[in-house]
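Below is one structure; the comments refer to it alone.
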Amino acid sequence: MLRQDYHIHSELSPDSTASPDAICGQALRLGLEEVALTDHYELIEGVTPIGSIRKEYLAVSREKILDCRSRWEGRIRVVFSIELGQIHLQPEAAEQVLAANPYDFVLASLHRVKHRDLSLFDYQSVGREGLRSVYAQELLTIAGEGDYDCLSHLDLIRRYPAFQGVSLRMEDCMEITERILRQVIRRGKGIEINTTAGALAEPLPSLEILKTYRQMGGEIITVGSDAHRSEDVAKGFDQAEALLREAGFRYVARYRERKPYFVKIE
């Protein structure tokens, strides 16, 4: 059984209404031991990287999560975390965010390409191969240069086309996918299994990519529901556990002060 959910959004994220206490209560009912509250911090072209409003957001987030950790101590561990989007666009701003906050765990994500969120493209008409190429190249930059602990949903570009009946897979450009994984492994970083499948039949990344990562020597892996509602905490974890085992993983990572340690999959 997987007893930690390392990707959850609380009401501190602009796209969630789940309170930290509701998340912890649900996790405790499910038998989890740890939850990582990975609220969004998106680095976007043309947006002031560290403006006064965004500084306030980070300060409020830190206060509320650390307060939540204190209240739930002894029942469930609250891992102080963040999901940084598009680190490569404003690396100095990302560095400031990380230097100012005592995070235990940092997810790196790529949600936007060509100045647009991946969820907003018309995949029936867009040049899909070109878009995937840009996505892969930017993800390679993040993997090789960004300050993070794990790459989140590294084939996210597969999720949104599926809602439109379109298949767009990173497995069809394995040369660059393997380069991304090689950078992750070289730098002692990890990847995530993300169980928010949407219109897909399996979590992200696919079993083929998980097997490739393991065969290349990848060891560090976390599992996250990407829940934006408390009732979705740990959703899809049975399937994620089965994929982990099939890909050859026997341990998952947890983090303290941005250092991984391994917990056996029971």
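Here, A, B, ... name the chains of the structure tokens in the order displayed, residue numbers run from 1 inside each chain, and ligands are numbered from 1 in the same displayed order.
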
request  = Can you list, as a PyMOL selection string, all residues belonging to stretch 34-171 of chain A that DSSP tags as alpha helix (DSSP H)?
outcome  = chain A and resi 52-72+91-99+128-145+159-163

Save out the residues we just selected, N, CA and C atoms, as a compact mmCIF listing (two decimals), in the first residue's frame.
```txt
# COMPACT_ATOMS: atom_id res chain seq x y z
N SER A 52 4.70 42.16 -5.19
CA SER A 52 4.23 42.23 -3.81
C SER A 52 3.08 41.25 -3.55
N ILE A 53 2.18 41.11 -4.54
CA ILE A 53 1.05 40.19 -4.36
C ILE A 53 1.53 38.75 -4.29
N ARG A 54 2.50 38.42 -5.11
CA ARG A 54 3.00 37.05 -5.13
C ARG A 54 3.83 36.77 -3.88
N LYS A 55 4.55 37.77 -3.37
CA LYS A 55 5.26 37.59 -2.11
C LYS A 55 4.28 37.32 -0.98
N GLU A 56 3.17 38.04 -1.00
CA GLU A 56 2.15 37.84 0.03
C GLU A 56 1.56 36.44 -0.07
N TYR A 57 1.33 35.98 -1.29
CA TYR A 57 0.81 34.63 -1.51
C TYR A 57 1.74 33.59 -0.89
N LEU A 58 3.04 33.73 -1.14
CA LEU A 58 4.01 32.78 -0.60
C LEU A 58 4.04 32.83 0.92
N ALA A 59 3.97 34.04 1.48
CA ALA A 59 4.01 34.18 2.93
C ALA A 59 2.78 33.56 3.58
N VAL A 60 1.61 33.79 3.00
CA VAL A 60 0.37 33.20 3.54
C VAL A 60 0.42 31.69 3.41
N SER A 61 0.90 31.20 2.28
CA SER A 61 1.01 29.76 2.07
C SER A 61 1.91 29.13 3.12
N ARG A 62 3.07 29.72 3.32
CA ARG A 62 4.01 29.19 4.33
C ARG A 62 3.38 29.16 5.72
N GLU A 63 2.74 30.25 6.09
CA GLU A 63 2.14 30.33 7.43
C GLU A 63 1.06 29.28 7.62
N LYS A 64 0.17 29.15 6.64
CA LYS A 64 -0.96 28.23 6.79
C LYS A 64 -0.51 26.77 6.78
N ILE A 65 0.45 26.44 5.93
CA ILE A 65 0.88 25.04 5.84
C ILE A 65 1.68 24.65 7.08
N LEU A 66 2.56 25.52 7.51
CA LEU A 66 3.33 25.18 8.71
C LEU A 66 2.44 25.13 9.94
N ASP A 67 1.41 25.98 9.98
CA ASP A 67 0.44 25.91 11.07
C ASP A 67 -0.33 24.60 11.02
N CYS A 68 -0.72 24.19 9.82
CA CYS A 68 -1.41 22.91 9.64
C CYS A 68 -0.51 21.76 10.08
N ARG A 69 0.75 21.81 9.71
CA ARG A 69 1.70 20.77 10.13
C ARG A 69 1.74 20.64 11.64
N SER A 70 1.77 21.78 12.32
CA SER A 70 1.82 21.77 13.78
C SER A 70 0.56 21.15 14.38
N ARG A 71 -0.61 21.49 13.85
CA ARG A 71 -1.87 20.99 14.40
C ARG A 71 -2.03 19.48 14.21
N TRP A 72 -1.50 18.95 13.11
CA TRP A 72 -1.68 17.54 12.80
C TRP A 72 -0.49 16.68 13.22
N PRO A 91 14.50 31.56 -13.93
CA PRO A 91 15.26 30.79 -12.93
C PRO A 91 15.67 31.60 -11.72
N GLU A 92 15.96 32.88 -11.91
CA GLU A 92 16.36 33.69 -10.76
C GLU A 92 15.19 33.88 -9.80
N ALA A 93 13.99 34.06 -10.34
CA ALA A 93 12.80 34.19 -9.49
C ALA A 93 12.55 32.88 -8.75
N ALA A 94 12.69 31.76 -9.44
CA ALA A 94 12.52 30.46 -8.78
C ALA A 94 13.53 30.30 -7.65
N GLU A 95 14.75 30.74 -7.88
CA GLU A 95 15.79 30.67 -6.85
C GLU A 95 15.41 31.49 -5.63
N GLN A 96 14.83 32.67 -5.85
CA GLN A 96 14.41 33.51 -4.74
C GLN A 96 13.29 32.84 -3.93
N VAL A 97 12.33 32.24 -4.64
CA VAL A 97 11.23 31.55 -3.96
C VAL A 97 11.78 30.44 -3.07
N LEU A 98 12.68 29.65 -3.61
CA LEU A 98 13.19 28.51 -2.86
C LEU A 98 14.10 28.94 -1.71
N ALA A 99 14.85 30.01 -1.90
CA ALA A 99 15.74 30.48 -0.85
C ALA A 99 14.97 31.05 0.34
N ARG A 128 0.41 19.26 -34.05
CA ARG A 128 0.65 18.48 -32.83
C ARG A 128 2.11 18.06 -32.67
N GLU A 129 2.73 17.61 -33.75
CA GLU A 129 4.11 17.15 -33.65
C GLU A 129 5.04 18.31 -33.25
N GLY A 130 4.81 19.46 -33.84
CA GLY A 130 5.61 20.63 -33.49
C GLY A 130 5.41 21.05 -32.06
N LEU A 131 4.16 21.02 -31.60
CA LEU A 131 3.86 21.39 -30.22
C LEU A 131 4.54 20.43 -29.25
N ARG A 132 4.47 19.14 -29.55
CA ARG A 132 5.11 18.16 -28.67
C ARG A 132 6.62 18.36 -28.66
N SER A 133 7.20 18.72 -29.80
CA SER A 133 8.63 18.96 -29.87
C SER A 133 9.04 20.12 -28.97
N VAL A 134 8.27 21.22 -29.02
CA VAL A 134 8.55 22.37 -28.15
C VAL A 134 8.42 21.96 -26.69
N TYR A 135 7.35 21.24 -26.38
CA TYR A 135 7.14 20.77 -25.00
C TYR A 135 8.34 19.95 -24.52
N ALA A 136 8.76 18.99 -25.33
CA ALA A 136 9.86 18.11 -24.94
C ALA A 136 11.16 18.88 -24.75
N GLN A 137 11.44 19.82 -25.63
CA GLN A 137 12.67 20.61 -25.51
C GLN A 137 12.67 21.46 -24.25
N GLU A 138 11.52 22.05 -23.93
CA GLU A 138 11.46 22.87 -22.72
C GLU A 138 11.56 22.00 -21.46
N LEU A 139 10.95 20.83 -21.52
CA LEU A 139 11.05 19.91 -20.38
C LEU A 139 12.50 19.44 -20.21
N LEU A 140 13.21 19.23 -21.31
CA LEU A 140 14.61 18.86 -21.23
C LEU A 140 15.43 19.96 -20.55
N THR A 141 15.13 21.21 -20.86
CA THR A 141 15.83 22.33 -20.21
C THR A 141 15.57 22.32 -18.71
N ILE A 142 14.31 22.14 -18.33
CA ILE A 142 13.97 22.09 -16.90
C ILE A 142 14.70 20.94 -16.23
N ALA A 143 14.66 19.76 -16.86
CA ALA A 143 15.28 18.58 -16.26
C ALA A 143 16.77 18.79 -16.03
N GLY A 144 17.43 19.46 -16.97
CA GLY A 144 18.87 19.60 -16.88
C GLY A 144 19.36 20.80 -16.10
N GLU A 145 18.50 21.81 -15.91
CA GLU A 145 18.96 23.06 -15.30
C GLU A 145 18.17 23.51 -14.08
N ARG A 159 -2.29 14.26 -21.65
CA ARG A 159 -3.58 14.30 -20.96
C ARG A 159 -4.64 15.08 -21.72
N TYR A 160 -4.33 16.29 -22.14
CA TYR A 160 -5.37 17.17 -22.68
C TYR A 160 -5.84 16.79 -24.09
N PRO A 161 -4.96 16.33 -24.98
CA PRO A 161 -5.46 15.85 -26.27
C PRO A 161 -6.45 14.71 -26.13
N ALA A 162 -6.28 13.88 -25.08
CA ALA A 162 -7.17 12.73 -24.90
C ALA A 162 -8.61 13.16 -24.70
N PHE A 163 -8.83 14.32 -24.08
CA PHE A 163 -10.20 14.83 -23.92
C PHE A 163 -10.84 15.13 -25.27
```

Spatial neighbours of A:Ile87, max dist 8 Å, only C-alpha atoms, sep filter under 6 positions, as JSON, numbers by chain = {"A": [43, 94, 108, 109, 142, 146, 147]}

Can you spit out the residues from that selection as a compact mmCIF listing (two decimals), in the first residue's frame, using C-alpha atoms?
```txt
# COMPACT_ATOMS: atom_id res chain seq x y z
CA LEU A 43 6.43 31.43 -13.63
CA ALA A 94 12.52 30.46 -8.78
CA ALA A 108 8.83 21.01 -11.26
CA SER A 109 6.09 21.16 -13.88
CA ILE A 142 13.97 22.09 -16.90
CA GLY A 146 16.07 23.61 -12.89
CA ASP A 147 16.25 23.47 -9.11
```

message = Ranking A:Leu107, A:Leu154, A:Ile50, A:Ile191 by minimum distance to A:Glu83 and counting only C-alpha atoms, which one comes first?
response = A:Leu107

Pull the closest atom pair for each residue of stretch 137-233 of chain A that gets at most 9 Å from stretch 14-31 of chain A, along with the distance in Å to one decimal, counting only C-alpha atoms, ordering rows by chain and then ascending residue number, as a Markdown table.
```
| residue | atom | partner | partner_atom | distance |
| --- | --- | --- | --- | --- |
| A:Ala227 | CA | A:Ser16 | CA | 8.6 |
| A:His228 | CA | A:Ser16 | CA | 4.9 |
| A:Arg229 | CA | A:Ala18 | CA | 5.2 |
| A:Ser230 | CA | A:Ile23 | CA | 4.8 |
| A:Glu231 | CA | A:Gln26 | CA | 6.8 |
| A:Asp232 | CA | A:Gln26 | CA | 8.9 |
| A:Val233 | CA | A:Ala27 | CA | 6.6 |
```

ask   = Which distance in Å separates atom CA of A:Leu110 and atom CA of A:Leu244, to one decimal?
value =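 Going from atom CA of A:Leu110 over to atom CA of A:Leu244, I get 23.0 Å.
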
ask   = For A:Ile193, which residue out of A:Thr212, A:Ser10, A:Thr177, A:Gln239 is the nearest one, using only C-alpha atoms?
value = A:Gln239

request  = Using atom CA of A:Pro49 and atom CA of A:Leu118 as the two end points, give the distance in Å to one decimal.
outcome  =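 Taking atom CA of A:Pro49 as the start and atom CA of A:Leu118 as the end point, the length is 20.6 Å.
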
request  = Quote the spacing between atom CA of A:Thr195 and atom CA of A:Gln90 in Å to one decimal place.
outcome  =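 A separation of 28.0 Å between them.
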
message = Let me make sure I understand: among A:Leu200, A:Leu120, A:Leu156, A:Ile209, which one has the smallest atom-to-atom distance to A:Leu181 if we use only C-alpha atoms?
response =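 Nearest to A:Leu181: A:Ile209.
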
Using only C-alpha atoms, I'd like a table of the residues in stretch 66-137 of chain A that come within 10 Å of stretch 2-7 of chain A; for each, show the closest atom pair and its distance in Å rounded to one decimal, ordered by chain and ascending number, as a Markdown table.
```
| residue | atom | partner | partner_atom | distance |
| --- | --- | --- | --- | --- |
| A:Ile76 | CA | A:Gln4 | CA | 9.8 |
| A:Arg77 | CA | A:Gln4 | CA | 9.3 |
| A:Val78 | CA | A:Tyr6 | CA | 9.9 |
| A:Val79 | CA | A:Tyr6 | CA | 8.2 |
| A:Ser81 | CA | A:Tyr6 | CA | 8.7 |
| A:Ile82 | CA | A:His7 | CA | 8.9 |
| A:Glu83 | CA | A:His7 | CA | 8.2 |
| A:Phe105 | CA | A:Tyr6 | CA | 8.7 |
| A:Val106 | CA | A:Tyr6 | CA | 9.9 |
| A:Leu107 | CA | A:His7 | CA | 8.3 |
```
